[in-house]
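A.B. asks: File name structure_35.pdb; file contents PDB, C-alpha atoms, pLDDT in the B column; full text below.
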```pdb
ATOM      1  CA  LEU G   1      55.172  80.176 114.202  1.00 77.00           C
ATOM      2  CA  ILE G   2      55.253  80.545 110.427  1.00 78.00           C
ATOM      3  CA  ALA G   3      53.910  77.020 109.952  1.00 78.00           C
ATOM      4  CA  GLY G   4      50.944  77.934 112.148  1.00 74.00           C
ATOM      5  CA  LEU G   5      51.699  75.197 114.661  1.00 76.00           C
ATOM      6  CA  ILE G   6      51.733  77.718 117.507  1.00 78.00           C
ATOM      7  CA  THR G   7      50.378  81.251 117.771  1.00 76.00           C
ATOM      8  CA  PRO G   8      52.518  84.232 118.755  1.00 77.00           C
ATOM      9  CA  SER G   9      52.314  85.294 122.401  1.00 82.00           C
ATOM     10  CA  LYS G  10      53.126  88.875 121.299  1.00 82.00           C
ATOM     11  CA  GLY G  11      53.026  90.660 117.973  1.00 80.00           C
ATOM     12  CA  SER G  12      51.766  89.167 114.748  1.00 77.00           C
ATOM     13  CA  ILE G  13      52.920  87.427 111.580  1.00 76.00           C
ATOM     14  CA  SER G  14      51.836  88.644 108.146  1.00 77.00           C
ATOM     15  CA  ILE G  15      52.332  87.514 104.569  1.00 73.00           C
ATOM     16  CA  ASP G  16      51.757  90.123 101.877  1.00 75.00           C
ATOM     17  CA  GLU G  17      50.144  92.361 104.513  1.00 77.00           C
ATOM     18  CA  ILE G  18      47.632  89.657 105.458  1.00 73.00           C
ATOM     19  CA  SER G  19      47.846  88.786 109.132  1.00 73.00           C
ATOM     20  CA  PHE G  20      47.963  85.101 110.016  1.00 69.00           C
ATOM     21  CA  THR G  21      45.208  85.801 112.535  1.00 65.00           C
ATOM     22  CA  ASP G  22      42.973  86.803 109.594  1.00 58.00           C
ATOM     23  CA  LEU G  23      43.541  83.418 107.949  1.00 59.00           C
ATOM     24  CA  ASN G  24      42.043  80.262 109.280  1.00 63.00           C
ATOM     25  CA  ILE G  25      44.575  77.510 109.866  1.00 66.00           C
ATOM     26  CA  HIS G  26      43.318  75.518 106.855  1.00 68.00           C
ATOM     27  CA  SER G  27      43.953  78.481 104.529  1.00 73.00           C
ATOM     28  CA  LEU G  28      47.425  78.912 105.984  1.00 74.00           C
ATOM     29  CA  HIS G  29      48.281  75.246 105.472  1.00 76.00           C
ATOM     30  CA  LYS G  30      47.252  75.519 101.805  1.00 80.00           C
ATOM     31  CA  LEU G  31      49.916  78.211 101.350  1.00 84.00           C
ATOM     32  CA  LEU G  32      52.839  76.307 102.774  1.00 88.00           C
ATOM     33  CA  SER G  33      54.579  72.960 102.992  1.00 91.00           C
ATOM     34  CA  TYR G  34      57.058  71.795 105.587  1.00 90.00           C
ATOM     35  CA  VAL G  35      60.068  69.472 105.222  1.00 91.00           C
ATOM     36  CA  PRO G  36      61.387  68.394 108.639  1.00 89.00           C
ATOM     37  CA  GLN G  37      64.773  66.923 109.512  1.00 86.00           C
ATOM     38  CA  ASN G  38      63.305  63.457 109.970  1.00 86.00           C
ATOM     39  CA  ILE G  39      60.808  62.547 107.281  1.00 88.00           C
ATOM     40  CA  TYR G  40      58.044  60.192 108.363  1.00 88.00           C
ATOM     41  CA  LEU G  41      57.528  57.651 105.609  1.00 92.00           C
ATOM     42  CA  LEU G  42      55.032  54.812 105.457  1.00 92.00           C
ATOM     43  CA  ASP G  43      55.937  51.191 104.761  1.00 93.00           C
ATOM     44  CA  ALA G  44      54.342  51.718 101.373  1.00 94.00           C
ATOM     45  CA  SER G  45      55.245  52.685  97.811  1.00 95.00           C
ATOM     46  CA  ILE G  46      57.152  55.808  96.830  1.00 96.00           C
ATOM     47  CA  LYS G  47      53.956  57.049  95.177  1.00 96.00           C
ATOM     48  CA  ASP G  48      51.896  56.519  98.340  1.00 95.00           C
ATOM     49  CA  ASN G  49      54.525  58.302 100.397  1.00 95.00           C
ATOM     50  CA  ILE G  50      54.523  61.318  98.090  1.00 96.00           C
ATOM     51  CA  LEU G  51      50.725  61.520  97.880  1.00 95.00           C
ATOM     52  CA  PHE G  52      50.369  60.649 101.594  1.00 90.00           C
ATOM     53  CA  GLY G  53      46.780  59.483 101.315  1.00 80.00           C
ATOM     54  CA  SER G  54      45.513  62.130  98.918  1.00 85.00           C
ATOM     55  CA  ASN G  55      44.060  61.355  95.507  1.00 83.00           C
ATOM     56  CA  LEU G  56      43.716  65.002  94.445  1.00 87.00           C
ATOM     57  CA  TYR G  57      46.779  64.963  92.222  1.00 90.00           C
ATOM     58  CA  SER G  58      47.315  63.856  88.640  1.00 92.00           C
ATOM     59  CA  GLU G  59      50.049  61.628  87.218  1.00 92.00           C
ATOM     60  CA  LYS G  60      51.437  64.792  85.584  1.00 95.00           C
ATOM     61  CA  ASP G  61      51.696  66.456  89.018  1.00 95.00           C
ATOM     62  CA  LEU G  62      53.432  63.372  90.392  1.00 95.00           C
ATOM     63  CA  LYS G  63      55.971  63.238  87.549  1.00 95.00           C
ATOM     64  CA  GLU G  64      56.662  66.950  87.963  1.00 93.00           C
ATOM     65  CA  VAL G  65      57.454  66.746  91.696  1.00 94.00           C
ATOM     66  CA  ILE G  66      59.592  63.636  91.198  1.00 94.00           C
ATOM     67  CA  LYS G  67      61.669  65.617  88.722  1.00 91.00           C
ATOM     68  CA  LYS G  68      61.859  68.715  90.934  1.00 90.00           C
ATOM     69  CA  ALA G  69      62.910  66.644  93.953  1.00 89.00           C
ATOM     70  CA  ASN G  70      65.660  65.005  91.901  1.00 87.00           C
ATOM     71  CA  LEU G  71      64.123  61.533  92.281  1.00 92.00           C
ATOM     72  CA  GLU G  72      63.732  60.770  88.577  1.00 92.00           C
ATOM     73  CA  ASP G  73      66.874  58.663  88.061  1.00 92.00           C
ATOM     74  CA  PHE G  74      66.352  56.825  91.342  1.00 94.00           C
ATOM     75  CA  VAL G  75      62.749  55.900  90.490  1.00 95.00           C
ATOM     76  CA  LYS G  76      63.605  54.914  86.891  1.00 95.00           C
ATOM     77  CA  GLY G  77      66.307  52.575  88.196  1.00 95.00           C
ATOM     78  CA  LEU G  78      63.873  50.584  90.338  1.00 93.00           C
ATOM     79  CA  PRO G  79      62.211  47.443  88.916  1.00 91.00           C
ATOM     80  CA  LYS G  80      58.788  48.573  90.180  1.00 95.00           C
ATOM     81  CA  GLY G  81      59.490  52.277  89.712  1.00 95.00           C
ATOM     82  CA  ILE G  82      57.234  54.539  91.727  1.00 95.00           C
ATOM     83  CA  GLU G  83      55.340  51.510  93.044  1.00 96.00           C
ATOM     84  CA  THR G  84      58.463  50.275  94.899  1.00 95.00           C
ATOM     85  CA  ILE G  85      57.847  49.688  98.616  1.00 94.00           C
ATOM     86  CA  ILE G  86      60.407  51.606 100.670  1.00 92.00           C
ATOM     87  CA  GLY G  87      60.261  49.432 103.780  1.00 86.00           C
ATOM     88  CA  GLU G  88      59.593  50.070 107.413  1.00 80.00           C
ATOM     89  CA  ARG G  89      61.457  53.167 108.625  1.00 78.00           C
ATOM     90  CA  ASN G  90      62.911  53.671 105.131  1.00 80.00           C
ATOM     91  CA  SER G  91      64.904  50.430 105.456  1.00 83.00           C
ATOM     92  CA  LYS G  92      65.187  49.958 101.679  1.00 88.00           C
ATOM     93  CA  ILE G  93      66.317  53.492 100.779  1.00 91.00           C
ATOM     94  CA  SER G  94      69.045  55.945 101.804  1.00 88.00           C
ATOM     95  CA  GLY G  95      68.593  59.032 103.975  1.00 85.00           C
ATOM     96  CA  GLY G  96      69.003  61.257 100.924  1.00 86.00           C
ATOM     97  CA  GLN G  97      66.332  59.345  99.005  1.00 91.00           C
ATOM     98  CA  ALA G  98      63.979  59.617 101.977  1.00 91.00           C
ATOM     99  CA  GLN G  99      64.639  63.365 102.182  1.00 89.00           C
ATOM    100  CA  ARG G 100      63.899  63.789  98.470  1.00 89.00           C
ATOM    101  CA  ILE G 101      60.627  61.861  98.882  1.00 93.00           C
ATOM    102  CA  GLY G 102      59.817  64.325 101.684  1.00 92.00           C
ATOM    103  CA  ILE G 103      60.550  67.236  99.351  1.00 91.00           C
ATOM    104  CA  ALA G 104      58.343  65.706  96.639  1.00 93.00           C
ATOM    105  CA  ARG G 105      55.560  65.284  99.237  1.00 94.00           C
ATOM    106  CA  ALA G 106      55.886  68.941 100.188  1.00 93.00           C
ATOM    107  CA  LEU G 107      55.865  70.068  96.544  1.00 93.00           C
ATOM    108  CA  ILE G 108      52.828  68.014  95.488  1.00 94.00           C
ATOM    109  CA  LYS G 109      50.632  70.498  97.380  1.00 90.00           C
ATOM    110  CA  LYS G 110      51.923  73.306  95.109  1.00 91.00           C
ATOM    111  CA  PRO G 111      52.722  75.594  98.037  1.00 92.00           C
ATOM    112  CA  SER G 112      53.658  79.258  97.845  1.00 90.00           C
ATOM    113  CA  ILE G 113      56.038  78.853 100.785  1.00 90.00           C
ATOM    114  CA  LEU G 114      58.293  75.872 101.454  1.00 92.00           C
ATOM    115  CA  ILE G 115      59.887  75.528 104.902  1.00 92.00           C
ATOM    116  CA  PHE G 116      62.978  73.348 105.341  1.00 89.00           C
ATOM    117  CA  ASP G 117      63.652  72.698 109.025  1.00 90.00           C
ATOM    118  CA  GLU G 118      67.172  71.254 109.431  1.00 87.00           C
ATOM    119  CA  SER G 119      66.302  69.099 106.423  1.00 82.00           C
ATOM    120  CA  THR G 120      69.881  68.208 105.495  1.00 77.00           C
ATOM    121  CA  ASN G 121      71.362  67.952 108.987  1.00 74.00           C
ATOM    122  CA  SER G 122      71.675  64.176 109.148  1.00 70.00           C
ATOM    123  CA  LEU G 123      72.980  63.698 105.593  1.00 75.00           C
ATOM    124  CA  ASP G 124      76.530  63.164 104.372  1.00 77.00           C
ATOM    125  CA  SER G 125      78.195  66.064 102.510  1.00 79.00           C
ATOM    126  CA  GLU G 126      77.616  64.667  99.009  1.00 80.00           C
ATOM    127  CA  THR G 127      73.921  63.958  99.625  1.00 78.00           C
ATOM    128  CA  GLU G 128      73.494  67.364 101.273  1.00 78.00           C
ATOM    129  CA  LEU G 129      74.955  68.989  98.149  1.00 80.00           C
ATOM    130  CA  GLN G 130      72.527  67.039  95.921  1.00 80.00           C
ATOM    131  CA  ILE G 131      69.563  68.112  98.068  1.00 78.00           C
ATOM    132  CA  MET G 132      70.793  71.731  98.074  1.00 81.00           C
ATOM    133  CA  ASN G 133      70.993  71.663  94.264  1.00 82.00           C
ATOM    134  CA  SER G 134      67.392  70.397  94.151  1.00 81.00           C
ATOM    135  CA  ILE G 135      66.304  73.221  96.464  1.00 82.00           C
ATOM    136  CA  LEU G 136      68.271  75.785  94.463  1.00 84.00           C
ATOM    137  CA  LYS G 137      66.251  74.897  91.339  1.00 83.00           C
ATOM    138  CA  LEU G 138      63.039  75.781  93.236  1.00 84.00           C
ATOM    139  CA  LYS G 139      64.111  79.294  94.281  1.00 85.00           C
ATOM    140  CA  ASN G 140      62.437  81.005  91.324  1.00 86.00           C
ATOM    141  CA  GLU G 141      59.119  79.205  91.803  1.00 87.00           C
ATOM    142  CA  LEU G 142      58.290  79.792  95.457  1.00 91.00           C
ATOM    143  CA  THR G 143      59.445  81.343  98.713  1.00 90.00           C
ATOM    144  CA  ILE G 144      61.816  79.076 100.597  1.00 90.00           C
ATOM    145  CA  ILE G 145      62.514  79.415 104.289  1.00 91.00           C
ATOM    146  CA  MET G 146      65.478  77.357 105.404  1.00 89.00           C
ATOM    147  CA  ILE G 147      66.228  76.732 109.055  1.00 89.00           C
ATOM    148  CA  SER G 148      69.722  75.352 109.521  1.00 86.00           C
ATOM    149  CA  HIS G 149      72.870  75.360 111.621  1.00 81.00           C
ATOM    150  CA  SER G 150      74.894  74.408 108.538  1.00 77.00           C
ATOM    151  CA  ASP G 151      76.693  77.230 106.770  1.00 77.00           C
ATOM    152  CA  LYS G 152      76.851  75.048 103.647  1.00 74.00           C
ATOM    153  CA  SER G 153      73.062  74.838 103.548  1.00 76.00           C
ATOM    154  CA  LEU G 154      72.695  78.564 104.030  1.00 80.00           C
ATOM    155  CA  ASN G 155      75.063  79.420 101.152  1.00 79.00           C
ATOM    156  CA  ILE G 156      72.172  79.182  98.666  1.00 82.00           C
ATOM    157  CA  CYS G 157      70.032  81.681 100.592  1.00 86.00           C
ATOM    158  CA  ASP G 158      69.401  85.219  99.342  1.00 88.00           C
ATOM    159  CA  GLU G 159      69.070  86.516 102.885  1.00 90.00           C
ATOM    160  CA  ILE G 160      70.210  85.053 106.206  1.00 89.00           C
ATOM    161  CA  ILE G 161      68.640  85.998 109.512  1.00 87.00           C
ATOM    162  CA  ASP G 162      70.596  84.909 112.579  1.00 85.00           C
ATOM    163  CA  ILE G 163      68.232  84.624 115.557  1.00 80.00           C
ATOM    164  CA  ASN G 164      71.198  85.121 117.864  1.00 79.00           C
ATOM    165  CA  ASP G 165      71.311  88.731 116.644  1.00 76.00           C
ATOM    166  CA  PHE G 166      67.767  89.228 117.965  1.00 70.00           C
ATOM    167  CA  LYS G 167      68.641  87.661 121.310  1.00 62.00           C
ATOM    168  CA  LYS G 168      71.511  90.160 121.694  1.00 61.00           C
ATOM    169  CA  GLU G 169      69.182  93.097 120.930  1.00 59.00           C
ATOM    170  CA  ARG G 170      66.743  92.059 123.692  1.00 56.00           C
ATOM    171  CA  LYS G 171      69.410  92.108 126.435  1.00 53.00           C
TER
END
```
Can you turn what I pasted into structure tokens?

C.D. replies:
Amino acid sequence: LIAGLITPSKGSISIDEISFTDLNIHSLHKLLSYVPQNIYLLDASIKDNILFGSNLYSEKDLKEVIKKANLEDFVKGLPKGIETIIGERNSKISGGQAQRIGIARALIKKPSILIFDESTNSLDSETELQIMNSILKLKNELTIIMISHSDKSLNICDEIIDINDFKKERK
């Protein structure tokens, strides 16, 4: 609902007292970015996967999101750097590296709201911790909505809303 992929059947959703119904979908998508559990990456360079077909961003913007997504050391360690091809279905990179490329892609848009939807679910504990530390550094810059079943992931949240509590209220 928050991502604007479906409209509410009842009630409404507002941000800063502006109803989503008052925004066109394009305006809403400018406000937010979404990082899913399974990142779709092209058999292309890291740069192309971050920019995802857009040429509206500067090299400065690209360097900034690489740093924020904790990709800097990884990219510097590659012979072709940001121009490295990641392979079909991320075959040349780890799950954590793919997830960080997804975070960089979400950040390049300079959103006000960043939605993580089970984004660390399929990662090992160490990689999940690294991703969580990257997310933690972003907390002061934008609103982060994290959807997760993992208590470890939710430990960095300022507020936790358990949808099961709402299900109980309706009965």

A.B. asks: Could you check which of G:Ala106, G:Asn140, G:Leu114, G:Ile13 is closest to Ile66 of chain G, using all atoms listed in the file?

C.D. replies: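 Nearest candidate to Ile66 of chain G out of G:Ala106, G:Asn140, G:Leu114, G:Ile13: G:Ala106.
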
A.B. asks: What's the 8 Å shell around segment 87-91 of chain G, counting all atoms listed in the file, without same-chain residues fewer than 5 positions away, as a list in words?

C.D. replies: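 My list of contacting residues is Tyr40, Leu41, Leu42, Asp43, Ala44 and Ala98 of chain G.
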
A.B. asks: Next, the residues of the selection above should be written as a PDB file, keeping the file's coordinate frame with C-alpha atoms.

C.D. replies:
```pdb
ATOM      1  CA  TYR G  40      58.044  60.192 108.363  1.00 88.00           C
ATOM      2  CA  LEU G  41      57.528  57.651 105.609  1.00 92.00           C
ATOM      3  CA  LEU G  42      55.032  54.812 105.457  1.00 92.00           C
ATOM      4  CA  ASP G  43      55.937  51.191 104.761  1.00 93.00           C
ATOM      5  CA  ALA G  44      54.342  51.718 101.373  1.00 94.00           C
ATOM      6  CA  ALA G  98      63.979  59.617 101.977  1.00 91.00           C
TER       7      ALA G  98
END
```

A.B. asks: List as a PyMOL selection string: which residues have an atom within 12 Å of (74.4, 76.8, 109.8), counting all atoms listed in the file?

C.D. replies: chain G and resi 117-121+146-157+160-163

A.B. asks: Name the closest residue to Ile86 of chain G among the candidates G:Ile101, G:Ile2, G:Ile108, G:Leu51; distances are taken between atoms, counting all atoms listed in the file.

C.D. replies: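 Of the candidates, the smallest distance to Ile86 of chain G is held by G:Ile101.
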
A.B. asks: Can you work out which one of G:Asn133, G:Asp165, G:Thr127, G:Ser94 has the shortest atom-to-atom distance to Ile39 of chain G, counting only C-alpha atoms?

C.D. replies: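 Smallest separation from Ile39 of chain G among the options: G:Ser94.
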
A.B. asks: Once the PyMOL selection byres ((chain G and resi 84) around 9) is applied to the coordinates I shared, what remains selected? I want it as a ChimeraX atom specification.

C.D. replies: /G:44-47,75,78-83,85-86

A.B. asks: Since I can't run it myself right now, could you work out what the PyMOL selection byres ((chain G and resi 30) around 9) selects here and report it as a list in words?

C.D. replies: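 The output of the PyMOL selection byres ((chain G and resi 30) around 9) on this file is Ile25, His26, Ser27, Leu28, His29, Leu31, Leu32, Ser33, Lys109, Lys110, Pro111 and Ser112 of chain G.
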
A.B. asks: Could you list the residues chosen by the PyMOL selection byres ((chain G and resi 72) around 12) in this structure as a PyMOL selection string?

C.D. replies: chain G and resi 46+62-71+73-78+81-82+97+100-101+104+134

A.B. asks: Build an axis-aligned box that encloses every atom of segment 37-47 of chain G listed in the file, pad it by 4 Å on each side, and report its centre and edge lengths in Å to one decimal, as AutoDock Vina command-line options.

C.D. replies:
```
--center_x 59.4 --center_y 59.1 --center_z 102.6 --size_x 18.8 --size_y 23.7 --size_z 22.8
```

A.B. asks: Can you tell me how far atom CA of Lys60 of chain G sits from atom CA of Phe116 of chain G, in Å to one decimal?

C.D. replies: 24.4 Å

A.B. asks: From the options G:Leu107, G:Asp48, G:Glu126, G:Glu159, which residue's atoms come nearest to Leu138 of chain G, counting only C-alpha atoms?

C.D. replies: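 For Leu138 of chain G, the nearest of the given residues is G:Leu107.
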
A.B. asks: Do you have the atom CA of Glu17 of chain G-atom CA of Phe166 of chain G distance handy?

C.D. replies: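 Distance reported for this atom pair: 22.4 Å.
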
A.B. asks: What's the separation between atom CA of Ile103 of chain G and atom CA of Gly53 of chain G, in Å to one decimal place?

C.D. replies: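 According to the coordinates, atom CA of Ile103 of chain G and atom CA of Gly53 of chain G are separated by 15.9 Å.
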
A.B. asks: Rank nothing, just name the residue among G:Leu5, G:Ser54, G:Asp16, G:Ile115 nearest to Ile135 of chain G, using only C-alpha atoms.

C.D. replies: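 Closest residue, counting only C-alpha atoms: G:Ile115.
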
A.B. asks: Do a neighbour search on Ser122 of chain G at 10 Å with all atoms listed in the file, toss out local chain neighbours closer than 4 positions, and write the hits as a list in words.

C.D. replies: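 The residues satisfying every condition are Gln37, Asn38, Gly95, Gly96, Gln99, Glu118, Thr127 and Glu128 of chain G.
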
A.B. asks: Residues as selected, C-alpha atoms, written as a compact mmCIF listing (two decimals), in the coordinates of the input, can you do that?

C.D. replies:
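That gives us part20.txt:
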```txt
# COMPACT_ATOMS: atom_id res chain seq x y z
CA GLN G 37 64.77 66.92 109.51
CA ASN G 38 63.30 63.46 109.97
CA GLY G 95 68.59 59.03 103.98
CA GLY G 96 69.00 61.26 100.92
CA GLN G 99 64.64 63.36 102.18
CA GLU G 118 67.17 71.25 109.43
CA THR G 127 73.92 63.96 99.62
CA GLU G 128 73.49 67.36 101.27
```
